[in-house]
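Note: the block below is my_file23.pdb and it holds PDB, C-alpha atoms.
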```
MODEL        1
ATOM      1  CA  MET A  97     -38.207  10.750 -25.757  1.00  0.00           C
ATOM      2  CA  HIS A  98     -37.532   9.891 -29.371  1.00  0.00           C
ATOM      3  CA  PHE A  99     -34.207   9.900 -31.128  1.00  0.00           C
ATOM      4  CA  THR A 100     -33.885  10.449 -34.835  1.00  0.00           C
ATOM      5  CA  PHE A 101     -30.852  10.365 -37.065  1.00  0.00           C
ATOM      6  CA  GLY A 102     -31.267  12.127 -40.376  1.00  0.00           C
ATOM      7  CA  GLY A 103     -35.052  12.280 -39.885  1.00  0.00           C
ATOM      8  CA  ARG A 104     -35.457   8.548 -39.307  1.00  0.00           C
ATOM      9  CA  PRO A 105     -35.610   6.505 -36.117  1.00  0.00           C
ATOM     10  CA  PRO A 106     -32.365   4.634 -35.511  1.00  0.00           C
ATOM     11  CA  ALA A 107     -32.159   0.944 -36.220  1.00  0.00           C
ATOM     12  CA  TRP A 108     -31.688  -1.380 -33.234  1.00  0.00           C
ATOM     13  CA  GLY A 109     -28.048  -2.030 -34.140  1.00  0.00           C
ATOM     14  CA  GLU A 110     -27.352   1.685 -34.469  1.00  0.00           C
ATOM     15  CA  MET A 111     -28.834   2.371 -31.007  1.00  0.00           C
ATOM     16  CA  ARG A 112     -26.801  -0.462 -29.508  1.00  0.00           C
ATOM     17  CA  ARG A 113     -23.616   0.954 -31.085  1.00  0.00           C
ATOM     18  CA  LEU A 114     -24.379   4.421 -29.710  1.00  0.00           C
ATOM     19  CA  ARG A 115     -25.134   3.066 -26.229  1.00  0.00           C
ATOM     20  CA  ARG A 116     -21.726   1.405 -26.142  1.00  0.00           C
ATOM     21  CA  GLN A 117     -20.154   4.863 -26.381  1.00  0.00           C
ATOM     22  CA  VAL A 118     -21.877   6.106 -23.214  1.00  0.00           C
ATOM     23  CA  GLY A 119     -20.903   5.129 -19.686  1.00  0.00           C
ATOM     24  CA  MET A 120     -23.526   5.537 -16.955  1.00  0.00           C
ATOM     25  CA  VAL A 121     -23.014   5.872 -13.216  1.00  0.00           C
ATOM     26  CA  PHE A 122     -26.146   6.082 -11.089  1.00  0.00           C
ATOM     27  CA  GLN A 123     -27.099   7.195  -7.562  1.00  0.00           C
ATOM     28  CA  GLN A 124     -27.332   3.593  -6.494  1.00  0.00           C
ATOM     29  CA  PHE A 125     -24.213   1.644  -7.302  1.00  0.00           C
ATOM     30  CA  ASN A 126     -26.052  -1.182  -9.093  1.00  0.00           C
ATOM     31  CA  LEU A 127     -23.309  -3.674  -8.289  1.00  0.00           C
ATOM     32  CA  TRP A 128     -24.099  -7.379  -8.233  1.00  0.00           C
ATOM     33  CA  PRO A 129     -23.818  -8.182  -4.505  1.00  0.00           C
ATOM     34  CA  HIS A 130     -22.694 -11.779  -5.091  1.00  0.00           C
ATOM     35  CA  LEU A 131     -19.836 -10.822  -7.442  1.00  0.00           C
ATOM     36  CA  SER A 132     -16.426  -9.343  -6.631  1.00  0.00           C
ATOM     37  CA  ALA A 133     -15.543  -5.814  -7.689  1.00  0.00           C
ATOM     38  CA  GLU A 134     -13.470  -7.211 -10.546  1.00  0.00           C
ATOM     39  CA  ARG A 135     -16.244  -9.557 -11.706  1.00  0.00           C
ATOM     40  CA  ASN A 136     -18.792  -6.719 -11.635  1.00  0.00           C
ATOM     41  CA  ILE A 137     -16.587  -5.035 -14.231  1.00  0.00           C
ATOM     42  CA  THR A 138     -15.577  -8.068 -16.322  1.00  0.00           C
ATOM     43  CA  LEU A 139     -19.192  -9.157 -16.682  1.00  0.00           C
ATOM     44  CA  ALA A 140     -20.039  -5.873 -18.400  1.00  0.00           C
ATOM     45  CA  LEU A 141     -16.979  -6.135 -20.651  1.00  0.00           C
ATOM     46  CA  GLU A 142     -17.790  -9.684 -21.694  1.00  0.00           C
ATOM     47  CA  ASP A 143     -21.501  -9.052 -22.169  1.00  0.00           C
ATOM     48  CA  VAL A 144     -21.481  -5.602 -23.778  1.00  0.00           C
ATOM     49  CA  LEU A 145     -18.200  -5.668 -25.710  1.00  0.00           C
ATOM     50  CA  GLY A 146     -17.835  -9.425 -26.166  1.00  0.00           C
ATOM     51  CA  LEU A 147     -14.299  -9.424 -24.773  1.00  0.00           C
ATOM     52  CA  PRO A 148     -12.682 -12.740 -23.889  1.00  0.00           C
ATOM     53  CA  ARG A 149     -12.355 -13.300 -20.128  1.00  0.00           C
ATOM     54  CA  ARG A 150      -8.557 -12.733 -20.075  1.00  0.00           C
ATOM     55  CA  ASP A 151      -8.857  -9.344 -21.828  1.00  0.00           C
ATOM     56  CA  ALA A 152     -11.801  -8.369 -19.636  1.00  0.00           C
ATOM     57  CA  VAL A 153      -9.827  -9.139 -16.455  1.00  0.00           C
ATOM     58  CA  GLU A 154      -6.870  -7.093 -17.663  1.00  0.00           C
ATOM     59  CA  ARG A 155      -9.090  -4.128 -18.515  1.00  0.00           C
ATOM     60  CA  ALA A 156     -11.021  -4.426 -15.232  1.00  0.00           C
ATOM     61  CA  ARG A 157      -7.807  -4.373 -13.210  1.00  0.00           C
ATOM     62  CA  GLU A 158      -6.622  -1.284 -15.064  1.00  0.00           C
ATOM     63  CA  ALA A 159      -9.969   0.452 -14.432  1.00  0.00           C
ATOM     64  CA  LEU A 160      -9.769  -0.397 -10.724  1.00  0.00           C
ATOM     65  CA  ARG A 161      -6.223   0.988 -10.648  1.00  0.00           C
ATOM     66  CA  LYS A 162      -7.455   4.243 -12.197  1.00  0.00           C
ATOM     67  CA  VAL A 163      -9.942   4.716  -9.350  1.00  0.00           C
ATOM     68  CA  GLY A 164      -7.437   3.663  -6.677  1.00  0.00           C
ATOM     69  CA  LEU A 165      -9.017   0.302  -5.875  1.00  0.00           C
ATOM     70  CA  GLN A 166      -6.562  -2.178  -7.389  1.00  0.00           C
ATOM     71  CA  ASP A 167      -6.225  -3.834  -3.975  1.00  0.00           C
ATOM     72  CA  LYS A 168     -10.015  -4.380  -3.766  1.00  0.00           C
ATOM     73  CA  ALA A 169     -10.429  -6.415  -6.970  1.00  0.00           C
ATOM     74  CA  GLN A 170     -11.586  -9.546  -5.122  1.00  0.00           C
ATOM     75  CA  ALA A 171     -13.641  -7.703  -2.491  1.00  0.00           C
ATOM     76  CA  MET A 172     -17.383  -8.237  -2.432  1.00  0.00           C
ATOM     77  CA  PRO A 173     -19.521  -5.077  -2.534  1.00  0.00           C
ATOM     78  CA  ASN A 174     -20.729  -5.505   1.062  1.00  0.00           C
ATOM     79  CA  HIS A 175     -17.075  -5.333   2.195  1.00  0.00           C
ATOM     80  CA  LEU A 176     -16.577  -1.954   0.483  1.00  0.00           C
ATOM     81  CA  SER A 177     -17.595   1.464   1.757  1.00  0.00           C
ATOM     82  CA  GLY A 178     -20.241   3.384  -0.180  1.00  0.00           C
ATOM     83  CA  GLY A 179     -17.555   5.554  -1.738  1.00  0.00           C
ATOM     84  CA  GLN A 180     -15.577   2.491  -2.800  1.00  0.00           C
ATOM     85  CA  GLN A 181     -18.685   0.897  -4.291  1.00  0.00           C
ATOM     86  CA  GLN A 182     -19.373   4.068  -6.249  1.00  0.00           C
ATOM     87  CA  ARG A 183     -15.770   4.073  -7.507  1.00  0.00           C
ATOM     88  CA  VAL A 184     -16.225   0.443  -8.649  1.00  0.00           C
ATOM     89  CA  ALA A 185     -19.313   1.615 -10.552  1.00  0.00           C
ATOM     90  CA  ILE A 186     -17.202   4.378 -12.128  1.00  0.00           C
ATOM     91  CA  ALA A 187     -14.488   1.834 -12.996  1.00  0.00           C
ATOM     92  CA  ARG A 188     -17.113  -0.417 -14.600  1.00  0.00           C
ATOM     93  CA  ALA A 189     -18.285   2.437 -16.820  1.00  0.00           C
ATOM     94  CA  LEU A 190     -14.712   3.550 -17.606  1.00  0.00           C
ATOM     95  CA  ALA A 191     -13.648   0.027 -18.568  1.00  0.00           C
ATOM     96  CA  LEU A 192     -16.085   0.199 -21.473  1.00  0.00           C
ATOM     97  CA  GLU A 193     -13.972   3.118 -22.801  1.00  0.00           C
ATOM     98  CA  PRO A 194     -16.939   5.398 -23.483  1.00  0.00           C
ATOM     99  CA  LYS A 195     -16.749   8.706 -25.299  1.00  0.00           C
ATOM    100  CA  LEU A 196     -19.239  10.207 -22.826  1.00  0.00           C
ATOM    101  CA  MET A 197     -19.737   9.535 -19.117  1.00  0.00           C
ATOM    102  CA  MET A 198     -23.111  10.318 -17.576  1.00  0.00           C
ATOM    103  CA  PHE A 199     -23.352  10.725 -13.807  1.00  0.00           C
ATOM    104  CA  ASP A 200     -26.778  10.843 -12.161  1.00  0.00           C
ATOM    105  CA  GLU A 201     -26.503  12.253  -8.619  1.00  0.00           C
ATOM    106  CA  VAL A 202     -23.641   9.887  -7.872  1.00  0.00           C
ATOM    107  CA  THR A 203     -22.930  11.426  -4.452  1.00  0.00           C
ATOM    108  CA  SER A 204     -26.492  11.601  -3.131  1.00  0.00           C
ATOM    109  CA  ALA A 205     -26.461   8.108  -1.592  1.00  0.00           C
ATOM    110  CA  LEU A 206     -23.084   8.631   0.083  1.00  0.00           C
ATOM    111  CA  ASP A 207     -22.192   9.724   3.579  1.00  0.00           C
ATOM    112  CA  PRO A 208     -20.736  13.255   3.537  1.00  0.00           C
ATOM    113  CA  GLU A 209     -17.224  12.021   4.321  1.00  0.00           C
ATOM    114  CA  LEU A 210     -17.262   9.783   1.215  1.00  0.00           C
ATOM    115  CA  VAL A 211     -18.469  12.442  -1.217  1.00  0.00           C
ATOM    116  CA  GLN A 212     -15.057  14.109  -1.661  1.00  0.00           C
ATOM    117  CA  GLY A 213     -13.349  10.916  -2.829  1.00  0.00           C
ATOM    118  CA  VAL A 214     -15.921  10.347  -5.567  1.00  0.00           C
ATOM    119  CA  LEU A 215     -15.845  14.001  -6.640  1.00  0.00           C
ATOM    120  CA  GLU A 216     -12.038  13.863  -6.809  1.00  0.00           C
ATOM    121  CA  GLU A 217     -12.288  10.866  -9.111  1.00  0.00           C
ATOM    122  CA  MET A 218     -14.711  12.754 -11.337  1.00  0.00           C
ATOM    123  CA  ARG A 219     -12.379  15.780 -11.271  1.00  0.00           C
ATOM    124  CA  ARG A 220      -9.510  13.550 -12.488  1.00  0.00           C
ATOM    125  CA  LEU A 221     -11.713  12.302 -15.326  1.00  0.00           C
ATOM    126  CA  ALA A 222     -12.535  15.871 -16.354  1.00  0.00           C
ATOM    127  CA  GLU A 223      -8.860  16.817 -16.261  1.00  0.00           C
ATOM    128  CA  SER A 224      -8.030  13.836 -18.465  1.00  0.00           C
ATOM    129  CA  GLY A 225     -10.417  15.194 -21.108  1.00  0.00           C
ATOM    130  CA  MET A 226     -13.405  12.896 -20.527  1.00  0.00           C
ATOM    131  CA  THR A 227     -16.664  14.398 -21.730  1.00  0.00           C
ATOM    132  CA  MET A 228     -19.153  14.186 -18.866  1.00  0.00           C
ATOM    133  CA  LEU A 229     -22.794  15.015 -18.304  1.00  0.00           C
ATOM    134  CA  VAL A 230     -23.330  15.369 -14.560  1.00  0.00           C
ATOM    135  CA  VAL A 231     -26.624  15.731 -12.707  1.00  0.00           C
ATOM    136  CA  THR A 232     -25.671  17.087  -9.287  1.00  0.00           C
ATOM    137  CA  HIS A 233     -26.519  19.307  -6.360  1.00  0.00           C
ATOM    138  CA  GLU A 234     -22.786  19.753  -5.673  1.00  0.00           C
ATOM    139  CA  MET A 235     -22.574  23.385  -6.763  1.00  0.00           C
ATOM    140  CA  ASN A 236     -18.933  23.920  -5.801  1.00  0.00           C
ATOM    141  CA  PHE A 237     -17.979  20.934  -7.930  1.00  0.00           C
ATOM    142  CA  ALA A 238     -20.102  22.213 -10.833  1.00  0.00           C
ATOM    143  CA  ARG A 239     -18.551  25.681 -10.575  1.00  0.00           C
ATOM    144  CA  GLU A 240     -14.971  24.381 -10.410  1.00  0.00           C
ATOM    145  CA  VAL A 241     -15.109  21.519 -12.915  1.00  0.00           C
ATOM    146  CA  GLY A 242     -17.961  22.255 -15.310  1.00  0.00           C
ATOM    147  CA  ASP A 243     -17.731  24.021 -18.646  1.00  0.00           C
ATOM    148  CA  ARG A 244     -21.454  24.676 -18.776  1.00  0.00           C
ATOM    149  CA  VAL A 245     -24.273  24.562 -16.228  1.00  0.00           C
ATOM    150  CA  ILE A 246     -27.897  23.981 -17.108  1.00  0.00           C
ATOM    151  CA  PHE A 247     -30.511  24.588 -14.436  1.00  0.00           C
ATOM    152  CA  MET A 248     -33.779  22.767 -15.069  1.00  0.00           C
ATOM    153  CA  ASP A 249     -37.100  22.977 -13.276  1.00  0.00           C
ATOM    154  CA  ARG A 250     -39.692  20.240 -13.929  1.00  0.00           C
ATOM    155  CA  GLY A 251     -37.906  19.174 -17.106  1.00  0.00           C
ATOM    156  CA  VAL A 252     -37.646  22.665 -18.577  1.00  0.00           C
ATOM    157  CA  VAL A 253     -34.352  24.500 -19.058  1.00  0.00           C
ATOM    158  CA  VAL A 254     -34.596  27.683 -16.980  1.00  0.00           C
ATOM    159  CA  GLU A 255     -31.040  28.925 -17.268  1.00  0.00           C
ATOM    160  CA  GLU A 256     -27.771  27.896 -18.839  1.00  0.00           C
ATOM    161  CA  GLY A 257     -24.309  29.277 -19.228  1.00  0.00           C
ATOM    162  CA  PRO A 258     -20.810  29.295 -17.774  1.00  0.00           C
ATOM    163  CA  PRO A 259     -20.800  27.843 -14.240  1.00  0.00           C
ATOM    164  CA  ARG A 260     -19.484  30.926 -12.472  1.00  0.00           C
ATOM    165  CA  LYS A 261     -22.145  33.107 -14.090  1.00  0.00           C
ATOM    166  CA  VAL A 262     -25.114  30.794 -13.485  1.00  0.00           C
ATOM    167  CA  ILE A 263     -24.084  29.894  -9.931  1.00  0.00           C
ATOM    168  CA  THR A 264     -22.867  33.280  -8.699  1.00  0.00           C
ATOM    169  CA  GLU A 265     -25.088  35.599 -10.770  1.00  0.00           C
ATOM    170  CA  PRO A 266     -28.244  33.678 -11.711  1.00  0.00           C
ATOM    171  CA  ALA A 267     -30.608  35.624 -13.928  1.00  0.00           C
ATOM    172  CA  HIS A 268     -33.813  33.776 -13.035  1.00  0.00           C
ATOM    173  CA  ALA A 269     -35.773  33.686  -9.780  1.00  0.00           C
ATOM    174  CA  GLU A 270     -36.107  29.885  -9.898  1.00  0.00           C
ATOM    175  CA  THR A 271     -32.339  29.473 -10.113  1.00  0.00           C
ATOM    176  CA  ARG A 272     -31.751  31.948  -7.279  1.00  0.00           C
ATOM    177  CA  ALA A 273     -34.306  30.184  -5.048  1.00  0.00           C
ATOM    178  CA  PHE A 274     -32.761  26.778  -5.724  1.00  0.00           C
ATOM    179  CA  LEU A 275     -29.241  28.009  -5.034  1.00  0.00           C
ATOM    180  CA  ARG A 276     -30.340  29.699  -1.793  1.00  0.00           C
ATOM    181  CA  SER A 277     -31.941  26.452  -0.634  1.00  0.00           C
ATOM    182  CA  ILE A 278     -28.886  24.264  -1.220  1.00  0.00           C
ATOM    183  CA  LEU A 279     -26.075  26.701  -0.436  1.00  0.00           C
ATOM    184  CA  ARG A 280     -27.161  27.339   3.155  1.00  0.00           C
TER     185      ARG A 280
ENDMDL
END
```
Translate this file's structure into structure tokens.
Amino acid sequence: MHFTFGGRPPAWGEMRRLRRQVGMVFQQFNLWPHLSAERNITLALEDVLGLPRRDAVERAREALRKVGLQDKAQAMPNHLSGGQQQRVAIARALALEPKLMMFDEVTSALDPELVQGVLEEMRRLAESGMTMLVVTHEMNFAREVGDRVIFMDRGVVVEEGPPRKVITEPAHAETRAFLRSILR
């Protein structure tokens, strides 16, 4: 994949500036196992944004509060449930104050009982006006929260449109087959 801006490849500094505006949350939590929840967040703030430690701690605590984990700031990842770890990962991305949040199958590594808590957090972000790009198999969530759904097959866009239309009245056989397989 190549990015161009005005017909030219972006300079390194321009790419770095753009990356700072995007928060990423992955399937795997990617937390440092030897660092507390708070330190997992402050490290990113210090390294990526160059914040002083005091400011990073303040912002990390606020991010943990937003995801309902203010009481887990000093907890190590192995003392948190999968859903809590994923919410720390969301807090880490949010603390960077991105303009866009990207979520890559964030519920796929979670036990079913933990999925709802993470989806509720994402729902709150959407309601607050956060722009999000979400890769998911959670069709109810996509239908209720999304503005637009894009169904892709092997990297090719097969169908796109309003969630209710694509999910309840898919126009393409590939979309219908996929939905049948996951909505059973």
Near Ala169 of chain A, within 7 Å and counting all atoms listed in the file, which residues show up once chain neighbours fewer than 4 positions away are dropped, as a count of residues only?
4
A:Val214, A:Met235, A:Val241, A:Ala159 ranked by distance to Thr271 of chain A, top pick (using only C-alpha atoms):
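Going through A:Val214, A:Met235, A:Val241, A:Ala159 one by one, the smallest distance to Thr271 of chain A is for A:Met235.
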Which residues would end up in the selection if the PyMOL selection byres ((chain A and resi 244-256) around 10) were applied here, given that I need the answer as a PDB file with C-alpha atoms, keeping the file's coordinate frame?
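To be explicit, this is the file written out as out39.pdb:
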```pdb
ATOM      1  CA  LEU A 229     -22.794  15.015 -18.304  1.00  0.00           C
ATOM      2  CA  VAL A 230     -23.330  15.369 -14.560  1.00  0.00           C
ATOM      3  CA  VAL A 231     -26.624  15.731 -12.707  1.00  0.00           C
ATOM      4  CA  MET A 235     -22.574  23.385  -6.763  1.00  0.00           C
ATOM      5  CA  ALA A 238     -20.102  22.213 -10.833  1.00  0.00           C
ATOM      6  CA  ARG A 239     -18.551  25.681 -10.575  1.00  0.00           C
ATOM      7  CA  VAL A 241     -15.109  21.519 -12.915  1.00  0.00           C
ATOM      8  CA  GLY A 242     -17.961  22.255 -15.310  1.00  0.00           C
ATOM      9  CA  ASP A 243     -17.731  24.021 -18.646  1.00  0.00           C
ATOM     10  CA  GLY A 257     -24.309  29.277 -19.228  1.00  0.00           C
ATOM     11  CA  PRO A 258     -20.810  29.295 -17.774  1.00  0.00           C
ATOM     12  CA  PRO A 259     -20.800  27.843 -14.240  1.00  0.00           C
ATOM     13  CA  ARG A 260     -19.484  30.926 -12.472  1.00  0.00           C
ATOM     14  CA  LYS A 261     -22.145  33.107 -14.090  1.00  0.00           C
ATOM     15  CA  VAL A 262     -25.114  30.794 -13.485  1.00  0.00           C
ATOM     16  CA  ILE A 263     -24.084  29.894  -9.931  1.00  0.00           C
ATOM     17  CA  PRO A 266     -28.244  33.678 -11.711  1.00  0.00           C
ATOM     18  CA  ALA A 267     -30.608  35.624 -13.928  1.00  0.00           C
ATOM     19  CA  HIS A 268     -33.813  33.776 -13.035  1.00  0.00           C
ATOM     20  CA  ALA A 269     -35.773  33.686  -9.780  1.00  0.00           C
ATOM     21  CA  GLU A 270     -36.107  29.885  -9.898  1.00  0.00           C
ATOM     22  CA  THR A 271     -32.339  29.473 -10.113  1.00  0.00           C
ATOM     23  CA  PHE A 274     -32.761  26.778  -5.724  1.00  0.00           C
TER      24      PHE A 274
END
```
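Atom CA of Asp143 of chain A to atom CA of Arg113 of chain A spans 13.6 Å [interatomic distance, one decimal].
Listed by chain and then by number, the residues chosen by the PyMOL selection byres ((chain A and resi 140) around 10) in this file are Arg135, Asn136, Ile137, Thr138, Leu139, Leu141, Glu142, Asp143, Val144, Leu145, Gly146, Leu147, Ala152, Ala156, Arg188, Ala189, Ala191 and Leu192 of chain A.
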Residue among A:Leu196, A:Glu158, A:His130, A:Arg112 lying closest to His175 of chain A, counting all atoms listed in the file:
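For His175 of chain A, the nearest of the given residues is A:His130.
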Among listed residues A:Leu127, A:Leu215, A:Leu190, A:Leu206, nearest Asn174 of chain A (using all atoms listed in the file):
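Of A:Leu127, A:Leu215, A:Leu190, A:Leu206, the one nearest Asn174 of chain A, counting all atoms listed in the file, is A:Leu127.
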How many Å lie between atom CA of Val118 of chain A and atom CA of Ile186 of chain A, rounded to one decimal?
12.2 Å
Expand the PyMOL selection byres ((chain A and resi 219) around 12) into the explicit residue set it covers here, and present it as an NGL selection string.
:A and (163 or 212-218 or 220-228 or 230 or 236-242)
Reconstructed N, CA and C atoms for segment 204-217 of chain A, given as a PDB file, keeping the file's coordinate frame:
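Heads up, here's the output in rebuild_29.pdb:
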```
ATOM      1  N   SER A 204     -25.331  11.426  -4.003  1.00  0.00           N
ATOM      2  CA  SER A 204     -26.492  11.601  -3.131  1.00  0.00           C
ATOM      3  C   SER A 204     -26.709  10.451  -2.153  1.00  0.00           C
ATOM      4  N   ALA A 205     -26.260   9.252  -2.489  1.00  0.00           N
ATOM      5  CA  ALA A 205     -26.461   8.108  -1.592  1.00  0.00           C
ATOM      6  C   ALA A 205     -25.271   7.886  -0.660  1.00  0.00           C
ATOM      7  N   LEU A 206     -24.308   8.803  -0.695  1.00  0.00           N
ATOM      8  CA  LEU A 206     -23.084   8.631   0.083  1.00  0.00           C
ATOM      9  C   LEU A 206     -23.104   9.453   1.364  1.00  0.00           C
ATOM     10  N   ASP A 207     -22.413   8.939   2.375  1.00  0.00           N
ATOM     11  CA  ASP A 207     -22.192   9.724   3.579  1.00  0.00           C
ATOM     12  C   ASP A 207     -21.312  10.908   3.213  1.00  0.00           C
ATOM     13  N   PRO A 208     -21.502  12.050   3.886  1.00  0.00           N
ATOM     14  CA  PRO A 208     -20.736  13.255   3.537  1.00  0.00           C
ATOM     15  C   PRO A 208     -19.224  13.051   3.467  1.00  0.00           C
ATOM     16  N   GLU A 209     -18.676  12.210   4.334  1.00  0.00           N
ATOM     17  CA  GLU A 209     -17.224  12.021   4.321  1.00  0.00           C
ATOM     18  C   GLU A 209     -16.743  11.230   3.103  1.00  0.00           C
ATOM     19  N   LEU A 210     -17.641  10.552   2.398  1.00  0.00           N
ATOM     20  CA  LEU A 210     -17.262   9.783   1.215  1.00  0.00           C
ATOM     21  C   LEU A 210     -17.420  10.565  -0.083  1.00  0.00           C
ATOM     22  N   VAL A 211     -18.165  11.652  -0.024  1.00  0.00           N
ATOM     23  CA  VAL A 211     -18.469  12.442  -1.217  1.00  0.00           C
ATOM     24  C   VAL A 211     -17.195  12.958  -1.881  1.00  0.00           C
ATOM     25  N   GLN A 212     -16.264  13.497  -1.090  1.00  0.00           N
ATOM     26  CA  GLN A 212     -15.057  14.109  -1.661  1.00  0.00           C
ATOM     27  C   GLN A 212     -14.253  13.137  -2.503  1.00  0.00           C
ATOM     28  N   GLY A 213     -14.120  11.890  -2.067  1.00  0.00           N
ATOM     29  CA  GLY A 213     -13.349  10.916  -2.829  1.00  0.00           C
ATOM     30  C   GLY A 213     -13.934  10.664  -4.210  1.00  0.00           C
ATOM     31  N   VAL A 214     -15.258  10.575  -4.281  1.00  0.00           N
ATOM     32  CA  VAL A 214     -15.921  10.347  -5.567  1.00  0.00           C
ATOM     33  C   VAL A 214     -15.794  11.590  -6.447  1.00  0.00           C
ATOM     34  N   LEU A 215     -15.982  12.770  -5.856  1.00  0.00           N
ATOM     35  CA  LEU A 215     -15.845  14.001  -6.640  1.00  0.00           C
ATOM     36  C   LEU A 215     -14.415  14.177  -7.153  1.00  0.00           C
ATOM     37  N   GLU A 216     -13.429  13.783  -6.355  1.00  0.00           N
ATOM     38  CA  GLU A 216     -12.038  13.863  -6.809  1.00  0.00           C
ATOM     39  C   GLU A 216     -11.805  12.951  -8.006  1.00  0.00           C
ATOM     40  N   GLU A 217     -12.422  11.777  -7.977  1.00  0.00           N
ATOM     41  CA  GLU A 217     -12.288  10.866  -9.111  1.00  0.00           C
ATOM     42  C   GLU A 217     -12.909  11.486 -10.360  1.00  0.00           C
TER      43      GLU A 217
END
```
